[in-house]
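Participant: TSV, C-alpha atoms and all ligand atoms, saved as input.tsv, coming up:
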chain	number	residue	atom	x	y	z
Y	161	MET	CA	-23.62	-190.36	21.70
Y	162	PHE	CA	-26.59	-188.06	22.44
Y	163	HIS	CA	-29.87	-188.10	20.48
Y	164	ASP	CA	-32.44	-185.33	20.44
Y	165	LEU	CA	-35.71	-186.73	21.77
Y	166	THR	CA	-39.13	-185.11	21.91
Y	167	VAL	CA	-41.04	-184.94	25.18
Y	168	ALA	CA	-44.38	-186.75	24.77
Y	169	HIS	CA	-45.91	-186.23	28.25
Y	170	VAL	CA	-45.07	-184.59	31.55
Y	171	ARG	CA	-46.96	-185.79	34.57
Y	172	GLN	CA	-46.77	-184.14	38.00
Y	173	GLU	CA	-46.18	-187.00	40.46
Y	174	THR	CA	-45.77	-184.98	43.66
Y	175	PRO	CA	-45.37	-181.24	44.30
Y	176	ASP	CA	-41.63	-181.59	43.62
Y	177	ALA	CA	-41.40	-184.53	41.22
Y	178	VAL	CA	-42.47	-185.17	37.64
Y	179	ALA	CA	-42.45	-188.14	35.28
Y	180	ILE	CA	-41.33	-187.29	31.76
Y	181	THR	CA	-42.12	-189.59	28.84
Y	182	PHE	CA	-40.21	-189.36	25.56
Y	183	ASP	CA	-41.29	-190.19	22.04
Y	184	ILE	CA	-38.92	-192.76	20.56
Y	185	PRO	CA	-39.02	-192.70	16.75
Y	186	ALA	CA	-38.76	-196.07	15.03
Y	187	ASP	CA	-35.18	-195.41	13.88
Y	188	LYS	CA	-34.04	-194.89	17.49
Y	189	GLU	CA	-35.86	-197.82	19.09
Y	190	ALA	CA	-32.81	-200.07	19.01
Y	191	ALA	CA	-30.59	-197.38	20.57
Y	192	PHE	CA	-33.09	-196.79	23.37
Y	193	ALA	CA	-33.84	-200.44	24.17
Y	194	TYR	CA	-33.09	-200.97	27.87
Y	195	THR	CA	-33.03	-203.35	30.78
Y	196	PRO	CA	-35.23	-202.39	33.78
Y	197	GLY	CA	-33.13	-200.54	36.36
Y	198	GLN	CA	-31.09	-198.55	33.81
Y	199	TYR	CA	-31.01	-194.77	33.51
Y	200	LEU	CA	-30.88	-192.04	30.86
Y	201	THR	CA	-28.46	-189.12	30.86
Y	202	LEU	CA	-30.03	-185.82	29.81
Y	203	ARG	CA	-27.93	-182.94	28.58
Y	204	ALA	CA	-28.75	-179.25	28.20
Y	205	ASN	CA	-27.24	-175.81	28.38
Y	206	VAL	CA	-28.60	-174.26	31.56
Y	207	ALA	CA	-27.59	-170.73	32.53
Y	208	GLY	CA	-24.67	-170.86	30.10
Y	209	LYS	CA	-23.36	-174.20	31.35
Y	210	ASP	CA	-23.35	-177.51	29.50
Y	211	ILE	CA	-24.81	-179.87	32.12
Y	212	ARG	CA	-25.62	-183.59	32.18
Y	213	ARG	CA	-27.66	-185.46	34.73
Y	214	SER	CA	-28.80	-189.08	34.97
Y	215	TYR	CA	-32.38	-190.08	35.70
Y	216	SER	CA	-33.58	-193.63	36.19
Y	217	ILE	CA	-36.12	-195.12	33.82
Y	218	ALA	CA	-39.44	-195.77	35.56
Y	219	SER	CA	-41.26	-197.61	32.78
Y	220	ALA	CA	-41.16	-201.29	31.93
Y	221	PRO	CA	-39.90	-202.15	28.43
Y	222	GLY	CA	-42.73	-201.73	25.96
Y	223	ALA	CA	-44.34	-198.85	27.85
Y	224	GLY	CA	-43.44	-195.24	26.94
Y	225	LEU	CA	-39.85	-194.46	27.93
Y	226	THR	CA	-40.31	-192.47	31.16
Y	227	VAL	CA	-37.92	-191.01	33.71
Y	228	GLY	CA	-38.68	-189.65	37.17
Y	229	VAL	CA	-37.21	-186.24	38.04
Y	230	LYS	CA	-37.32	-184.85	41.55
Y	231	ARG	CA	-36.44	-181.21	42.14
Y	232	VAL	CA	-33.10	-180.89	43.92
Y	233	ASP	CA	-32.67	-177.92	46.25
Y	234	GLY	CA	-30.62	-175.35	44.34
Y	235	GLY	CA	-30.49	-177.76	41.38
Y	236	ALA	CA	-30.71	-175.63	38.24
Y	237	PHE	CA	-30.83	-178.67	35.99
Y	238	SER	CA	-33.68	-180.50	37.75
Y	239	GLY	CA	-35.63	-177.21	37.68
Y	240	PHE	CA	-34.95	-176.90	33.97
Y	241	VAL	CA	-35.98	-180.49	33.25
Y	242	GLN	CA	-39.13	-180.10	35.32
Y	243	GLY	CA	-40.03	-177.14	33.11
Y	244	LEU	CA	-40.04	-179.28	29.93
Y	245	LYS	CA	-43.34	-179.47	28.07
Y	246	PRO	CA	-44.75	-181.87	25.48
Y	247	GLY	CA	-43.12	-181.11	22.14
Y	248	ASP	CA	-39.86	-179.81	23.68
Y	249	ARG	CA	-36.67	-181.49	22.56
Y	250	ILE	CA	-33.69	-182.42	24.71
Y	251	ALA	CA	-30.44	-184.35	24.18
Y	252	VAL	CA	-30.58	-187.82	25.71
Y	253	MET	CA	-27.86	-190.48	25.91
Y	254	PRO	CA	-29.02	-194.09	25.31
Y	255	PRO	CA	-29.77	-196.16	28.44
Y	256	GLU	CA	-26.93	-197.28	30.65
Y	257	GLY	CA	-26.39	-198.71	34.10
Y	258	ARG	CA	-25.81	-201.99	35.87
Y	259	PHE	CA	-28.50	-201.78	38.52
Y	260	THR	CA	-30.52	-204.32	36.63
Y	261	CYS	CA	-32.63	-207.37	37.16
Y	262	LYS	CA	-31.00	-210.46	35.69
Y	263	GLY	CA	-34.15	-212.48	35.23
Y	264	GLU	CA	-34.79	-213.07	38.95
Y	265	ALA	CA	-38.39	-214.00	39.74
Y	266	GLU	CA	-38.43	-213.25	43.49
Y	267	VAL	CA	-37.18	-209.80	44.45
Y	268	VAL	CA	-37.20	-207.38	47.37
Y	269	LEU	CA	-36.99	-203.69	46.45
Y	270	ILE	CA	-36.03	-201.14	49.11
Y	271	ALA	CA	-36.18	-197.45	48.18
Y	272	SER	CA	-36.60	-194.03	49.64
Y	273	GLY	CA	-37.86	-190.89	47.90
Y	274	SER	CA	-37.05	-190.73	44.22
Y	275	GLY	CA	-35.09	-194.00	44.64
Y	276	ILE	CA	-38.43	-195.54	43.67
Y	277	THR	CA	-37.86	-194.67	40.00
Y	278	PRO	CA	-35.78	-197.68	38.86
Y	279	MET	CA	-37.83	-199.93	41.18
Y	280	MET	CA	-40.95	-199.11	39.16
Y	281	ALA	CA	-39.37	-200.57	36.03
Y	282	ILE	CA	-37.92	-203.58	37.87
Y	283	ALA	CA	-41.19	-204.37	39.69
Y	284	ALA	CA	-43.29	-204.08	36.52
Y	285	ASP	CA	-40.88	-206.36	34.67
Y	286	VAL	CA	-40.67	-209.03	37.40
Y	287	LEU	CA	-44.46	-209.07	37.82
Y	288	ALA	CA	-45.09	-209.22	34.07
Y	289	ARG	CA	-42.79	-212.27	33.93
Y	290	GLY	CA	-44.93	-214.01	36.57
Y	291	GLY	CA	-42.54	-213.30	39.47
Y	292	ARG	CA	-43.08	-211.91	42.93
Y	293	ALA	CA	-41.95	-208.51	44.27
Y	294	THR	CA	-42.00	-206.89	47.71
Y	295	LEU	CA	-41.39	-203.15	47.81
Y	296	VAL	CA	-40.40	-201.26	50.97
Y	297	TYR	CA	-40.75	-197.59	50.11
Y	298	GLY	CA	-39.94	-194.71	52.47
Y	299	ASN	CA	-41.28	-191.16	52.21
Y	300	ARG	CA	-42.00	-188.19	54.44
Y	301	ASN	CA	-45.78	-188.37	53.99
Y	302	THR	CA	-48.47	-189.64	51.63
Y	303	GLY	CA	-48.19	-186.52	49.47
Y	304	SER	CA	-44.52	-187.17	48.72
Y	305	ILE	CA	-45.04	-190.72	47.40
Y	306	MET	CA	-43.95	-190.77	43.75
Y	307	PHE	CA	-45.78	-193.04	41.27
Y	308	ARG	CA	-48.54	-193.68	43.82
Y	309	GLU	CA	-51.23	-194.28	41.20
Y	310	THR	CA	-49.00	-196.55	39.16
Y	311	LEU	CA	-48.10	-198.53	42.28
Y	312	ASP	CA	-51.78	-198.88	43.18
Y	313	ALA	CA	-52.55	-200.05	39.65
Y	314	LEU	CA	-49.74	-202.63	39.81
Y	315	LYS	CA	-51.03	-203.81	43.19
Y	316	ASP	CA	-54.55	-204.20	41.80
Y	317	ARG	CA	-53.29	-206.11	38.81
Y	318	TYR	CA	-50.88	-208.40	40.65
Y	319	MET	CA	-52.57	-208.59	44.04
Y	320	GLU	CA	-51.18	-212.02	44.91
Y	321	ARG	CA	-47.61	-211.33	43.85
Y	322	PHE	CA	-46.91	-207.67	44.68
Y	323	THR	CA	-46.57	-206.41	48.24
Y	324	VAL	CA	-45.98	-202.74	48.97
Y	325	VAL	CA	-44.89	-201.56	52.43
Y	326	HIS	CA	-45.07	-197.77	52.74
Y	327	LEU	CA	-42.92	-196.28	55.49
Y	328	LEU	CA	-43.71	-192.67	56.39
Y	329	SER	CA	-41.40	-190.56	58.54
Y	330	ARG	CA	-43.62	-187.51	59.12
Y	331	GLU	CA	-47.13	-188.90	59.06
Y	332	ASP	CA	-48.43	-191.37	61.60
Y	333	GLN	CA	-49.83	-194.64	60.31
Y	334	ASP	CA	-51.97	-197.00	62.39
Y	335	VAL	CA	-49.28	-199.67	62.48
Y	336	PRO	CA	-46.29	-198.29	64.44
Y	337	LEU	CA	-43.89	-200.54	62.50
Y	338	LEU	CA	-44.70	-198.50	59.38
Y	339	ASN	CA	-43.68	-195.20	60.93
Y	340	GLY	CA	-40.14	-193.91	60.39
Y	341	ARG	CA	-37.45	-193.89	57.75
Y	342	VAL	CA	-35.91	-196.73	55.77
Y	343	THR	CA	-33.09	-197.98	58.00
Y	344	GLY	CA	-31.35	-201.28	58.56
Y	345	ASP	CA	-33.22	-201.68	61.85
Y	346	LYS	CA	-36.55	-201.08	60.16
Y	347	VAL	CA	-35.84	-203.62	57.43
Y	348	GLN	CA	-34.78	-206.13	60.07
Y	349	GLN	CA	-38.02	-205.52	62.03
Y	350	LEU	CA	-40.10	-205.91	58.85
Y	351	ALA	CA	-38.30	-209.15	57.99
Y	352	ARG	CA	-38.76	-210.54	61.49
Y	353	ALA	CA	-42.45	-209.55	61.44
Y	354	GLY	CA	-42.83	-211.55	58.21
Y	355	ALA	CA	-43.64	-208.49	56.09
Y	356	VAL	CA	-40.53	-208.98	53.94
Y	357	ASP	CA	-39.15	-212.36	52.94
Y	358	LEU	CA	-35.41	-211.79	52.74
Y	359	LYS	CA	-34.56	-215.48	52.77
Y	360	GLY	CA	-36.67	-216.26	49.69
Y	361	ALA	CA	-35.38	-213.29	47.68
Y	362	GLU	CA	-33.24	-214.08	44.66
Y	363	ALA	CA	-32.07	-210.45	44.67
Y	364	VAL	CA	-32.50	-207.41	46.93
Y	365	PHE	CA	-32.35	-204.02	45.22
Y	366	LEU	CA	-31.58	-200.85	47.18
Y	367	CYS	CA	-31.89	-197.29	45.87
Y	368	GLY	CA	-31.48	-194.16	47.94
Y	369	PRO	CA	-28.87	-192.07	49.73
Y	370	GLY	CA	-25.48	-193.63	50.50
Y	371	GLY	CA	-26.05	-193.75	54.27
Y	372	MET	CA	-29.29	-195.68	53.88
Y	373	ILE	CA	-27.68	-198.14	51.48
Y	374	GLU	CA	-24.71	-198.81	53.77
Y	375	ASP	CA	-26.93	-199.25	56.81
Y	376	VAL	CA	-29.47	-201.53	55.11
Y	377	SER	CA	-26.79	-203.56	53.27
Y	378	SER	CA	-24.97	-204.41	56.47
Y	379	VAL	CA	-28.21	-205.52	58.13
Y	380	LEU	CA	-29.14	-207.61	55.08
Y	381	GLU	CA	-25.80	-209.39	55.26
Y	382	GLY	CA	-26.34	-209.94	58.99
Y	383	GLU	CA	-29.74	-211.44	58.16
Y	384	GLY	CA	-28.07	-213.95	55.87
Y	385	VAL	CA	-28.57	-212.32	52.44
Y	386	PRO	CA	-25.42	-213.11	50.44
Y	387	LYS	CA	-23.52	-210.05	49.24
Y	388	GLU	CA	-23.85	-211.06	45.59
Y	389	LYS	CA	-27.63	-210.91	45.89
Y	390	ILE	CA	-27.57	-207.27	47.07
Y	391	ARG	CA	-27.63	-204.67	44.28
Y	392	TYR	CA	-27.64	-200.97	44.90
Y	393	GLU	CA	-27.87	-197.62	43.15
Y	394	LEU	CA	-26.61	-194.60	45.03
Y	395	PHE	CA	-28.13	-191.16	44.90
Y	396	TYR	CA	-25.52	-188.56	44.47
Y	397	THR	CA	-25.08	-184.87	44.36
Y	398	GLU	CA	-22.23	-183.72	42.20
Y	399	GLY	CA	-19.21	-183.06	44.38
Y	400	ALA	CA	-20.98	-184.20	47.54
Y	401	ALA	CA	-19.50	-187.67	47.78
Y	402	PRO	CA	-16.31	-187.88	49.84
Y	403	ARG	CA	-13.19	-187.97	47.63
Y	404	ALA	CA	-9.66	-188.96	48.47
Y	405	PRO	CA	-7.14	-186.12	48.22
Y	406	LYS	CA	-4.65	-186.30	45.37
Y	407	SER	CA	-1.59	-188.31	46.41
Y	408	ALA	CA	1.90	-186.83	46.42
Y	409	GLU	CA	2.77	-189.22	43.58
Y	410	ALA	CA	-0.07	-187.87	41.42
Y	411	GLU	CA	0.78	-184.26	42.32
Y	412	ALA	CA	4.38	-184.84	41.25
Y	413	ALA	CA	3.44	-186.60	38.01
Y	414	GLN	CA	0.98	-183.89	37.02
Y	415	ALA	CA	3.37	-181.09	37.96
Y	416	ALA	CA	5.74	-182.56	35.34
Y	417	GLY	CA	2.84	-183.01	32.87
Y	418	VAL	CA	1.38	-186.42	31.97
Y	419	ALA	CA	0.87	-187.35	28.33
Y	420	VAL	CA	-2.55	-189.02	28.12
Y	421	GLU	CA	-3.76	-190.88	25.07
Y	422	VAL	CA	-7.38	-192.01	24.80
Y	423	ILE	CA	-8.85	-194.53	22.39
Y	424	LEU	CA	-12.51	-193.77	21.75
Y	425	ASP	CA	-14.67	-195.13	18.93
Y	426	GLY	CA	-11.54	-196.42	17.23
Y	427	THR	CA	-9.69	-193.10	17.16
Y	428	ARG	CA	-6.75	-191.96	19.28
Y	429	LYS	CA	-6.49	-188.51	20.82
Y	430	SER	CA	-3.77	-187.07	23.04
Y	431	PHE	CA	-3.62	-184.30	25.63
Y	432	LEU	CA	-1.65	-183.32	28.72
Y	433	VAL	CA	-2.80	-183.62	32.32
Y	434	GLU	CA	-1.23	-180.75	34.22
Y	435	ALA	CA	-0.92	-179.58	37.82
Y	436	GLY	CA	-4.22	-177.67	37.88
Y	437	ASP	CA	-6.28	-180.60	36.59
Y	438	ASP	CA	-8.08	-182.74	39.12
Y	439	THR	CA	-8.78	-185.72	36.89
Y	440	VAL	CA	-8.26	-187.03	33.36
Y	441	LEU	CA	-11.83	-186.00	32.51
Y	442	ASP	CA	-11.16	-182.41	33.65
Y	443	ALA	CA	-7.98	-182.27	31.58
Y	444	ALA	CA	-9.76	-183.66	28.50
Y	445	GLU	CA	-12.46	-180.98	28.81
Y	446	ARG	CA	-9.86	-178.25	29.23
Y	447	ASN	CA	-8.35	-179.50	25.99
Y	448	GLY	CA	-11.70	-179.47	24.19
Y	449	LEU	CA	-12.00	-183.26	24.02
Y	450	GLU	CA	-15.37	-184.81	24.82
Y	451	LEU	CA	-15.18	-188.08	26.75
Y	452	PRO	CA	-18.21	-190.09	27.86
Y	453	PHE	CA	-19.42	-189.13	31.33
Y	454	SER	CA	-22.57	-188.52	33.31
Y	455	CYS	CA	-22.41	-188.35	37.12
Y	456	ARG	CA	-18.79	-187.21	37.62
Y	457	GLY	CA	-19.08	-188.83	41.03
Y	458	GLY	CA	-17.69	-192.33	40.47
Y	459	MET	CA	-21.14	-193.88	40.58
Y	460	CYS	CA	-22.55	-194.39	37.09
Y	461	CYS	CA	-19.65	-196.04	35.20
Y	462	THR	CA	-20.36	-194.05	32.01
Y	463	CYS	CA	-16.69	-192.97	31.96
Y	464	ARG	CA	-15.34	-196.53	32.41
Y	465	CYS	CA	-12.20	-197.25	30.41
Y	466	LYS	CA	-9.20	-199.56	30.57
Y	467	VAL	CA	-5.67	-198.50	31.45
Y	468	THR	CA	-3.51	-200.14	28.78
Y	469	GLU	CA	-0.31	-198.26	29.62
Y	470	GLY	CA	0.83	-196.34	32.69
Y	471	LYS	CA	-0.89	-196.03	36.03
Y	472	GLY	CA	-3.56	-193.94	37.65
Y	473	GLU	CA	-5.29	-193.64	41.01
Y	474	MET	CA	-8.97	-192.95	41.62
Y	475	ALA	CA	-10.40	-190.36	43.99
Y	476	VAL	CA	-13.48	-192.55	44.59
Y	477	ASN	CA	-15.03	-195.64	43.06
Y	478	TYR	CA	-18.62	-196.54	43.79
Y	479	SER	CA	-19.27	-198.56	40.67
Y	480	LEU	CA	-16.38	-200.66	39.35
Y	481	GLU	CA	-16.34	-204.21	40.66
Y	482	PRO	CA	-13.23	-205.93	42.02
Y	483	TRP	CA	-12.74	-207.99	38.83
Y	484	GLU	CA	-12.79	-204.81	36.76
Y	485	LEU	CA	-10.17	-203.19	38.96
Y	486	ASP	CA	-8.04	-206.34	38.63
Y	487	ALA	CA	-8.48	-206.21	34.84
Y	488	GLY	CA	-7.22	-202.60	34.76
Y	489	PHE	CA	-10.48	-200.69	34.35
Y	490	THR	CA	-10.78	-197.21	35.81
Y	491	LEU	CA	-13.20	-194.28	35.91
Y	492	ALA	CA	-11.95	-191.32	33.88
Y	493	CYS	CA	-13.94	-188.88	36.03
Y	494	GLN	CA	-11.93	-190.01	39.06
Y	495	THR	CA	-8.56	-190.90	37.57
Y	496	ARG	CA	-5.40	-189.00	38.41
Y	497	PRO	CA	-2.33	-190.23	36.55
Y	498	VAL	CA	0.70	-191.24	38.61
Y	499	SER	CA	2.95	-192.15	35.66
Y	500	GLU	CA	4.61	-190.11	32.91
Y	501	LYS	CA	2.24	-191.50	30.31
Y	502	LEU	CA	-1.25	-192.95	30.52
Y	503	VAL	CA	-3.22	-194.72	27.78
Y	504	LEU	CA	-6.96	-195.20	28.34
Y	505	ASP	CA	-9.06	-197.41	26.09
Y	506	PHE	CA	-12.75	-196.47	26.16
Y	507	ASP	CA	-13.54	-199.16	23.57
Y	508	ALA	CA	-12.37	-202.02	25.81
Y	509	ALA	CA	-15.22	-204.36	26.74
E	1	LIG	S1	-19.10	-190.12	35.03
E	1	LIG	FE1	-20.17	-191.44	36.39
E	1	LIG	S2	-18.58	-192.70	37.16
E	1	LIG	FE2	-17.53	-191.25	35.95
In structure tokens, how does this file's structure come out?
Ligand code: FES
Facilitator:
Amino acid sequence: MFHDLTVAHVRQETPDAVAITFDIPADKEAAFAYTPGQYLTLRANVAGKDIRRSYSIASAPGAGLTVGVKRVDGGAFSGFVQGLKPGDRIAVMPPEGRFTCKGEAEVVLIASGSGITPMMAIAADVLARGGRATLVYGNRNTGSIMFRETLDALKDRYMERFTVVHLLSREDQDVPLLNGRVTGDKVQQLARAGAVDLKGAEAVFLCGPGGMIEDVSSVLEGEGVPKEKIRYELFYTEGAAPRAPKSAEAEAAQAAGVAVEVILDGTRKSFLVEAGDDTVLDAAERNGLELPFSCRGGMCCTCRCKVTEGKGEMAVNYSLEPWELDAGFTLACQTRPVSEKLVLDFDAA
């Protein structure tokens, strides 16, 4: 599942963000092929703990595989990753994620802070295909703008087809409309001022904190952008997203012990989920079984699997779509069994 990759370059983007480019040897090129908007999961032992974190890919296919990493306050892993140097090796899971461009030629990209990372790949791809992109990008000040040089270079190259609107919350710009954070109101004002063409967009991509995404999404819908054209990628901090408490039914089932069977890469493994376990993923780890996961927050879908027997409930779900829920898919990192037995198929498409 993980491959050891060598760091080719590290570039300081802002005082607290770096772009890390990996060398992809010829025999791993197929595994690391990706669609713009996807992310990589990095894994390392930091301060005695085996930790994984996901970082969006910033480069367009064909350019060096690059992720953007912003330092998180108190985040040991982001500090560790930022300390990587050319020649260092780190375990990396092949690209994943559904926040992708599906060939649209007219897109609006709305990001704040390090939410710019996947937008870089999407914008470069759309522009290279002859499409048109408008980016609304919010930061505190000019110094905190990630990928500024790359954005300028893209603007120079695709002057007619790439529009960048920088919003700054702590630095005054001459045009008052450009001062402030990315909010639904601000996007509405930009659209009504003609700076952003929401009506002509084939897709609108949002990447940033949950509050921003909720606020902007509801305004977009109010402005007539159909829901299916709005795609978003949430930022998360492990454990920070609100989670539903365990139901009485799940408490009772786990107190009695739930026999869980997982099917992964064609093999079956069994373990018990017990009262002290929060989720199936926690119980698997306690039993020494490694299941696929990355965010642990219900957002990335890496732990997606299908319930083929029994029943479970999820603490949160920010990534499975309604049809997947109807088809029986669940997120192992959020699943609490409510039946005596639960069978989860990780190989189900
Ligand atoms: S690990 Fe990301 S949704 Fe479960």
Participant: Quick one: everything within 8 Å of Gly298 in chain Y, counting only C-alpha atoms, minus sequence neighbours fewer than 2 positions away in the same chain. Send it as a PyMOL selection string.
Facilitator: chain Y and resi 271-273+296+300+326-329+340-342
Participant: Find the nearest atom pair between each residue of chain Y and ligand LIG 1 (chain E) for residues within 7 Å, count all atoms listed in the file, give distances in Å to one decimal, sort rows by chain and ascending number, and present the table as a tab-separated table.
Facilitator:
residue	atom	partner	partner_atom	distance
Y:Phe453	CA	E:LIG1	S1	3.8
Y:Ser454	CA	E:LIG1	S1	4.2
Y:Cys455	CA	E:LIG1	FE1	3.9
Y:Arg456	CA	E:LIG1	S1	3.9
Y:Gly457	CA	E:LIG1	FE1	5.4
Y:Gly458	CA	E:LIG1	S2	3.4
Y:Met459	CA	E:LIG1	S2	4.4
Y:Cys460	CA	E:LIG1	FE1	3.9
Y:Cys461	CA	E:LIG1	S2	4.0
Y:Thr462	CA	E:LIG1	FE1	5.1
Y:Cys463	CA	E:LIG1	FE2	4.4
Y:Arg464	CA	E:LIG1	FE2	6.7
Y:Ser479	CA	E:LIG1	S2	6.9
Y:Leu491	CA	E:LIG1	FE2	5.3
Y:Ala492	CA	E:LIG1	FE2	6.0
Y:Cys493	CA	E:LIG1	FE2	4.3
Y:Gln494	CA	E:LIG1	FE2	6.5
Participant: Leaving out Phe489 in chain Y and any residue of its chain fewer than 6 positions from it, which residues lie within 8 Å of it when counting all atoms listed in the file, given as a list in words?
Facilitator: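 Within the cut-off, the hits are Arg464, Cys465, Lys466, Val467 and Leu480 of chain Y.
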Participant: Using all atoms listed in the file for the distances, tell me which of Y:Leu449, Y:Arg496, Y:Val347, Y:Gly488 is nearest to Ala408 in chain Y.
Facilitator: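 Ranking Y:Leu449, Y:Arg496, Y:Val347, Y:Gly488 by distance to Ala408 in chain Y, first place goes to Y:Arg496.
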Participant: What separation in Å, quoted to one decimal, exists between CA of Ala293 in chain Y and CA of Val170 in chain Y?
Facilitator: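 Interatomic distance, CA of Ala293 in chain Y to CA of Val170 in chain Y: 27.3 Å.
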Participant: Choose the residue, out of Y:Ser378, Y:Ser216, Y:Asn205, Y:Thr427, that has the smallest atom-to-atom separation from Pro255 in chain Y; count all atoms listed in the file.
Facilitator: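 Residue with the minimum atom-to-atom distance to Pro255 in chain Y: Y:Ser216.
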Participant: When you count all atoms listed in the file, which of these residues is closest to Lys389 in chain Y: Y:Glu320, Y:Asp210, Y:Asp486, Y:Glu362?
Facilitator: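 Ranking Y:Glu320, Y:Asp210, Y:Asp486, Y:Glu362 by distance to Lys389 in chain Y, first place goes to Y:Glu362.
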Participant: Quick one, how far is CA of Asp505 in chain Y from CA of Glu445 in chain Y?
Facilitator: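 Separation between CA of Asp505 in chain Y and CA of Glu445 in chain Y: 17.0 Å.
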Participant: Have a look at CA of Pro369 in chain Y and CA of Glu393 in chain Y and let me know their distance in Å, one decimal.
Facilitator: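 Going from CA of Pro369 in chain Y over to CA of Glu393 in chain Y, I get 8.7 Å.
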Participant: May I have the protein, DNA and RNA residues with an atom at most 12 Å from (-2.7, -190.4, 37.8), counting all atoms listed in the file in the file's coordinates, returned as a compact mmCIF listing (two decimals) with C-alpha atoms, in the coordinates of the input?
Facilitator:
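Heads up, here's the output in result15.txt:
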# COMPACT_ATOMS: atom_id res chain seq x y z
CA LYS Y 406 -4.65 -186.30 45.37
CA SER Y 407 -1.59 -188.31 46.41
CA ALA Y 408 1.90 -186.83 46.42
CA GLU Y 409 2.77 -189.22 43.58
CA ALA Y 410 -0.07 -187.87 41.42
CA GLU Y 411 0.78 -184.26 42.32
CA ALA Y 412 4.38 -184.84 41.25
CA ALA Y 413 3.44 -186.60 38.01
CA GLN Y 414 0.98 -183.89 37.02
CA ALA Y 415 3.37 -181.09 37.96
CA ALA Y 416 5.74 -182.56 35.34
CA GLY Y 417 2.84 -183.01 32.87
CA VAL Y 418 1.38 -186.42 31.97
CA ALA Y 419 0.87 -187.35 28.33
CA VAL Y 420 -2.55 -189.02 28.12
CA LEU Y 432 -1.65 -183.32 28.72
CA VAL Y 433 -2.80 -183.62 32.32
CA GLU Y 434 -1.23 -180.75 34.22
CA ALA Y 435 -0.92 -179.58 37.82
CA ASP Y 437 -6.28 -180.60 36.59
CA ASP Y 438 -8.08 -182.74 39.12
CA THR Y 439 -8.78 -185.72 36.89
CA VAL Y 440 -8.26 -187.03 33.36
CA LEU Y 441 -11.83 -186.00 32.51
CA ALA Y 443 -7.98 -182.27 31.58
CA VAL Y 467 -5.67 -198.50 31.45
CA GLU Y 469 -0.31 -198.26 29.62
CA GLY Y 470 0.83 -196.34 32.69
CA LYS Y 471 -0.89 -196.03 36.03
CA GLY Y 472 -3.56 -193.94 37.65
CA GLU Y 473 -5.29 -193.64 41.01
CA MET Y 474 -8.97 -192.95 41.62
CA ALA Y 475 -10.40 -190.36 43.99
CA THR Y 490 -10.78 -197.21 35.81
CA LEU Y 491 -13.20 -194.28 35.91
CA ALA Y 492 -11.95 -191.32 33.88
CA CYS Y 493 -13.94 -188.88 36.03
CA GLN Y 494 -11.93 -190.01 39.06
CA THR Y 495 -8.56 -190.90 37.57
CA ARG Y 496 -5.40 -189.00 38.41
CA PRO Y 497 -2.33 -190.23 36.55
CA VAL Y 498 0.70 -191.24 38.61
CA SER Y 499 2.95 -192.15 35.66
CA GLU Y 500 4.61 -190.11 32.91
CA LYS Y 501 2.24 -191.50 30.31
CA LEU Y 502 -1.25 -192.95 30.52
CA VAL Y 503 -3.22 -194.72 27.78
CA LEU Y 504 -6.96 -195.20 28.34
Participant: Using the incomplete input, complete range 169-178 of chain Y to the level of N, CA and C atoms; output as a CSV table (one decimal), keeping the file's coordinate frame.
Facilitator:
chain,number,residue,atom,x,y,z
Y,169,HIS,N,-45.0,-186.6,27.1
Y,169,HIS,CA,-45.9,-186.2,28.2
Y,169,HIS,C,-45.1,-185.8,29.4
Y,170,VAL,N,-45.7,-184.9,30.2
Y,170,VAL,CA,-45.1,-184.6,31.6
Y,170,VAL,C,-46.2,-184.8,32.6
Y,171,ARG,N,-45.9,-185.5,33.6
Y,171,ARG,CA,-47.0,-185.8,34.6
Y,171,ARG,C,-46.4,-185.4,36.0
Y,172,GLN,N,-47.2,-184.6,36.7
Y,172,GLN,CA,-46.8,-184.1,38.0
Y,172,GLN,C,-47.0,-185.3,39.0
Y,173,GLU,N,-46.0,-185.9,39.6
Y,173,GLU,CA,-46.2,-187.0,40.5
Y,173,GLU,C,-46.4,-186.6,41.9
Y,174,THR,N,-45.6,-185.6,42.3
Y,174,THR,CA,-45.8,-185.0,43.7
Y,174,THR,C,-45.5,-183.5,43.5
Y,175,PRO,N,-45.7,-182.7,44.5
Y,175,PRO,CA,-45.4,-181.2,44.3
Y,175,PRO,C,-44.0,-181.0,43.8
Y,176,ASP,N,-43.0,-181.9,44.1
Y,176,ASP,CA,-41.6,-181.6,43.6
Y,176,ASP,C,-41.1,-182.7,42.7
Y,177,ALA,N,-41.9,-183.5,42.1
Y,177,ALA,CA,-41.4,-184.5,41.2
Y,177,ALA,C,-42.3,-184.7,40.0
Y,178,VAL,N,-41.7,-184.9,38.9
Y,178,VAL,CA,-42.5,-185.2,37.6
Y,178,VAL,C,-42.0,-186.5,37.0
